[in-house]
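Let me begin by presenting the structure, written as structure tokens, before commenting on it.
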Amino acid sequence: MAGPHSRAEPNFNSKSFLGVFRYSGQAVKLVWETSPRLTIALVVLSLIAGLLPAAIAYIGKWLVDAVVLSAQTNDPVHRAEAIRYVIMEAGLVALLAATQRGLSVCQSLLRALLGNRVNVMILDKALSLDLTLFEDSEFYDKMTRARRQASSRPLSLVMRTFGLIQNAISLATYGALLISFSPIAVAILAFAALPTFIVETKFSGEAFRLFRWRTPEAREQMYLETVIAREDYAKEVKLFGLGRTLLDRYQSIFDKLYKEDRSLTMRRGVWGYLLGLLSTAAFYGSYAWIVISAIDGDISIGEMTMFVMVFKQGQSAMAAALSAIGGMYEDNLYLSNLYEYLEQEVPVSAGGAIVGPEPGDGLRFIDVSFAYPGSETNAVEHISFHLHPGTKLALVGENGSGKTTIIKLLTRLYRPSEGTITLDGLDLQQWDDQTLRDRLGVIFQDFVRYQFKVGENIGVGDDAAFANEEAWREAAKEGMAAPFIEELPDQYQTQLGRWFKGGRELSLGQWQKIALSRAFIRKTADVVVLDEPTASMDAAAEAQIFEHFREITQDQMAIVISHRFSTVRMADEIIVLDKGRIMEHGSHTELIAAKGDYARLFEIQAKGYQ
């Protein structure tokens, strides 16, 4: 596996520092749209929290001076005044504590709401993207980067923005108080925190580049966790003794990533400490200056106390403000991952048609070719055929010959690189999405076994019937799944799979009947596609299912993929594919008479049953 530094990644150092803040406005908008009330509460509380520290420091000055004056004069009026200042300061401190608690509550609520909103945005975006992207490893890297930390970074950015406003208000009030002592002290306050800010910003950028570079390794770790811990992998992992090998690979990836993290953390810590000493030296130098001024009588004891508190808190506020800016820089870097994913180009469907110009024309492939992204060769090439209503077509060919690719082109999961596919005389790309889905009933060879109830596993074939038990029952009868479903303890309400309590597992043959039922639940479908739907059944069961299939789809177009020629011979037309091209096309009788590859393979398979 190549090291992370061998990968070409964006050079963030070449961008201006302010350039990465382009997502700040989008983050604020996102938080506002998530909860306007909580956002307003954060703004108000941040303003209050920014003003209170300076007010507390100023009252502290009055308090110390009143205490000194009362000690010198022993006057009950000054004593009462000191007590009043104590009460006032206590009230402001209590208000500050309430404000900070309110900020914490608002942050917690927004974090939950925003985390869900961002995850929904990511998943909603995934629903709009082409299938080809999900077969691209670089896209998975992009999605993984978007999902990691994306739910926390927008709120972090907004909170740091509010924190920056709060600290800016505090610094303005501190500066107004401190400038009466010396403008030089204000300058020291401003510049003392810069070294730490610079080093933190530098290492934040470096940490982000590491994060981007090693996304593939992080995904590999996630995959290994899945293989080791998931029930559908467990039997092979245990049977083949793969557990230790996979765990060692997982550990080696961690060791490599940890080595990079340790190096960064150590350098960040050492430089942060050394440059932090400059800030400490600046504070104590100013502290000594203020103390000497008090000793010389240039300022009162109360003023000394106020200036020391103001300088110390001002230094903390300056450090916090610069840290917020550095954090905003880092948050923007991570948000660039989220928006890079959300800005992924979505194919725009020009279609909106709900009827074609030639109803009853059926389905046509006209000189269709398709190549997968990044591939130099076509997966299918110059495919042409015409499927009339009520006709049954079988696709035959070795694995990799292009059968399933044709189905994905028909279902508009892929778009042809060349040529046209029409339904009722209209280009498939011009059909309305929902109308086209309503007209197709499709079961793929690698159909999904959902960890849902039995009925819902059938209902996924039509979102309108997902929770319709009557539709489940009717579809199960047509898919020949009803007999075994009715023997289950809760019938159509039985939980399937082992992920959730009470779940039951089915045999592969039973699962295939569930999948077949999905194809029949969409009553509006006039094109039914079965891709190896009975691969886990014996020849007799398959023949029975296909005979039943022909009966219930008399008026529908059907495309069937199967390796069993005893099934294929039932089709009205047969297409033999090889390396993406049509080699033979005709009925079973015609192809046998032609004595080509189909006839040869049919004879070989027939001998296997003798």
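Chain labels follow the order of the structure tokens: the first chain is A, the next B, and so on; residue numbering restarts at 1 in every chain, and ligands are counted from 1 in their shown order.
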Counting only C-alpha atoms, give me one row per residue of stretch 309-364 of chain A with an atom at most 9 Å from an atom of stretch 106-123 of chain A, showing the shortest contact pair and its distance in Å to one decimal, sorted by chain then residue number, as CSV.
```
residue,atom,partner,partner_atom,distance
A:Leu338,CA,A:Ile122,CA,8.2
A:Tyr341,CA,A:Ile122,CA,8.0
A:Leu342,CA,A:Ile122,CA,7.0
```
What's the 8 Å shell around A:Pro154, counting only C-alpha atoms, without same-chain residues fewer than 3 positions away, as a ChimeraX atom specification? /A:27-28,30-31,114,150-151,157-158,331,335
Residues near A:Ala317, anyone? I mean within 8 Å using only C-alpha atoms, not counting same-chain ones fewer than 3 positions away, as a list of chain:residue names.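 Listing them by chain and then by number gives A:Asn167, A:Ala168, A:Ser170, A:Leu171, A:Gln313, A:Gly314, A:Ala320, A:Ala321.
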Between atom CA of A:Ser286 and atom CA of A:Pro183, what is the spacing in Å?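 Here the two named atoms are 12.1 Å from each other.
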Which distance in Å separates atom CA of A:Val576 and atom CA of A:Ala558, to one decimal? 16.2 Å
So how many Å separate atom CA of A:Ile198 and atom CA of A:Arg268, to one decimal?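 Atom-to-atom, atom CA of A:Ile198 and atom CA of A:Arg268 are spaced 11.1 Å apart.
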Quick one: residues within 8 Å of stretch 429-437 of chain A, only C-alpha atoms, excluding same-chain residues fewer than 4 positions away - as a ChimeraX atom specification? /A:349-355,411-412,441
Of the residues A:Leu601, A:Leu426, A:Val186, A:Met222, which is the one nearest to A:Glu398, using only C-alpha atoms?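 Of A:Leu601, A:Leu426, A:Val186, A:Met222, the one nearest A:Glu398 is A:Leu601, counting only C-alpha atoms.
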With distances taken over only C-alpha atoms, the candidate from A:Tyr85, A:Phe484, A:Leu155, A:Ala146 nearest A:Lys29 is A:Leu155
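For A:Ala282, the non-local neighbours within 12 Å, defined as residues at least 2 positions apart in the same chain or in other chains and counting only C-alpha atoms, are Ile184, Ala185, Val186, Ala187, Ile188, Leu189, Ala190, Phe191, Ala192, Ala193, Leu194, Pro195, Leu275, Gly276, Leu277, Leu278, Ser279, Thr280, Tyr284, Gly285, Ser286, Tyr287, Ala288, Trp289, Phe311, Lys312 and Gln315 of chain A.
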Excluding same-chain residues fewer than 4 positions from A:Met557, what lies within 9 Å of it counting only C-alpha atoms, as a PyMOL selection string? chain A and resi 362-363+387-393+526-529+553
With N, CA, C and O atoms retained, export the selected residues as a PDB file, in the first residue's frame.
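What ended up in selection_36.pdb:
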```pdb
ATOM      1  N   GLY A 362     -43.366  -1.292 -27.347  1.00  0.00           N
ATOM      2  CA  GLY A 362     -42.491  -2.127 -26.538  1.00  0.00           C
ATOM      3  C   GLY A 362     -41.141  -1.490 -26.284  1.00  0.00           C
ATOM      4  O   GLY A 362     -40.984  -0.261 -26.288  1.00  0.00           O
ATOM      5  N   LEU A 363     -40.133  -2.341 -26.123  1.00  0.00           N
ATOM      6  CA  LEU A 363     -38.788  -1.915 -25.721  1.00  0.00           C
ATOM      7  C   LEU A 363     -37.814  -2.138 -26.874  1.00  0.00           C
ATOM      8  O   LEU A 363     -37.803  -3.209 -27.480  1.00  0.00           O
ATOM      9  N   LEU A 387     -38.208  -5.772 -28.227  1.00  0.00           N
ATOM     10  CA  LEU A 387     -39.026  -6.647 -27.393  1.00  0.00           C
ATOM     11  C   LEU A 387     -40.472  -6.144 -27.434  1.00  0.00           C
ATOM     12  O   LEU A 387     -40.779  -5.044 -26.957  1.00  0.00           O
ATOM     13  N   HIS A 388     -41.362  -6.954 -28.007  1.00  0.00           N
ATOM     14  CA  HIS A 388     -42.770  -6.566 -28.145  1.00  0.00           C
ATOM     15  C   HIS A 388     -43.528  -6.876 -26.854  1.00  0.00           C
ATOM     16  O   HIS A 388     -43.136  -7.764 -26.076  1.00  0.00           O
ATOM     17  N   PRO A 389     -44.624  -6.185 -26.596  1.00  0.00           N
ATOM     18  CA  PRO A 389     -45.455  -6.502 -25.425  1.00  0.00           C
ATOM     19  C   PRO A 389     -45.857  -7.968 -25.408  1.00  0.00           C
ATOM     20  O   PRO A 389     -46.246  -8.529 -26.447  1.00  0.00           O
ATOM     21  N   GLY A 390     -45.758  -8.592 -24.247  1.00  0.00           N
ATOM     22  CA  GLY A 390     -46.101 -10.002 -24.089  1.00  0.00           C
ATOM     23  C   GLY A 390     -44.996 -10.958 -24.448  1.00  0.00           C
ATOM     24  O   GLY A 390     -45.109 -12.170 -24.207  1.00  0.00           O
ATOM     25  N   THR A 391     -43.878 -10.443 -24.989  1.00  0.00           N
ATOM     26  CA  THR A 391     -42.774 -11.310 -25.414  1.00  0.00           C
ATOM     27  C   THR A 391     -41.833 -11.579 -24.250  1.00  0.00           C
ATOM     28  O   THR A 391     -41.560 -10.712 -23.428  1.00  0.00           O
ATOM     29  N   LYS A 392     -41.309 -12.834 -24.222  1.00  0.00           N
ATOM     30  CA  LYS A 392     -40.347 -13.224 -23.200  1.00  0.00           C
ATOM     31  C   LYS A 392     -38.979 -13.395 -23.859  1.00  0.00           C
ATOM     32  O   LYS A 392     -38.842 -14.157 -24.812  1.00  0.00           O
ATOM     33  N   LEU A 393     -37.983 -12.659 -23.323  1.00  0.00           N
ATOM     34  CA  LEU A 393     -36.630 -12.689 -23.877  1.00  0.00           C
ATOM     35  C   LEU A 393     -35.676 -13.266 -22.848  1.00  0.00           C
ATOM     36  O   LEU A 393     -35.705 -12.883 -21.672  1.00  0.00           O
ATOM     37  N   ASP A 526     -45.081  -3.237 -16.624  1.00  0.00           N
ATOM     38  CA  ASP A 526     -45.323  -4.015 -17.835  1.00  0.00           C
ATOM     39  C   ASP A 526     -44.022  -4.543 -18.428  1.00  0.00           C
ATOM     40  O   ASP A 526     -44.022  -5.161 -19.484  1.00  0.00           O
ATOM     41  N   VAL A 527     -42.901  -4.307 -17.719  1.00  0.00           N
ATOM     42  CA  VAL A 527     -41.614  -4.912 -18.061  1.00  0.00           C
ATOM     43  C   VAL A 527     -41.085  -5.577 -16.796  1.00  0.00           C
ATOM     44  O   VAL A 527     -40.830  -4.902 -15.796  1.00  0.00           O
ATOM     45  N   VAL A 528     -40.942  -6.891 -16.818  1.00  0.00           N
ATOM     46  CA  VAL A 528     -40.458  -7.640 -15.652  1.00  0.00           C
ATOM     47  C   VAL A 528     -39.103  -8.243 -16.005  1.00  0.00           C
ATOM     48  O   VAL A 528     -38.951  -8.886 -17.049  1.00  0.00           O
ATOM     49  N   VAL A 529     -38.134  -8.021 -15.114  1.00  0.00           N
ATOM     50  CA  VAL A 529     -36.763  -8.484 -15.361  1.00  0.00           C
ATOM     51  C   VAL A 529     -36.326  -9.379 -14.219  1.00  0.00           C
ATOM     52  O   VAL A 529     -36.399  -8.993 -13.052  1.00  0.00           O
ATOM     53  N   THR A 553     -47.464 -13.577 -16.515  1.00  0.00           N
ATOM     54  CA  THR A 553     -46.925 -12.404 -17.227  1.00  0.00           C
ATOM     55  C   THR A 553     -47.259 -12.463 -18.719  1.00  0.00           C
ATOM     56  O   THR A 553     -46.482 -11.998 -19.552  1.00  0.00           O
TER      57      THR A 553
END
```
Here is a test: counting only C-alpha atoms, which residue of A:Glu376, A:Glu340, A:Asp367, A:Asp438 is nearest to A:Ala465?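 Of the candidates, the smallest distance to A:Ala465 is held by A:Asp438.
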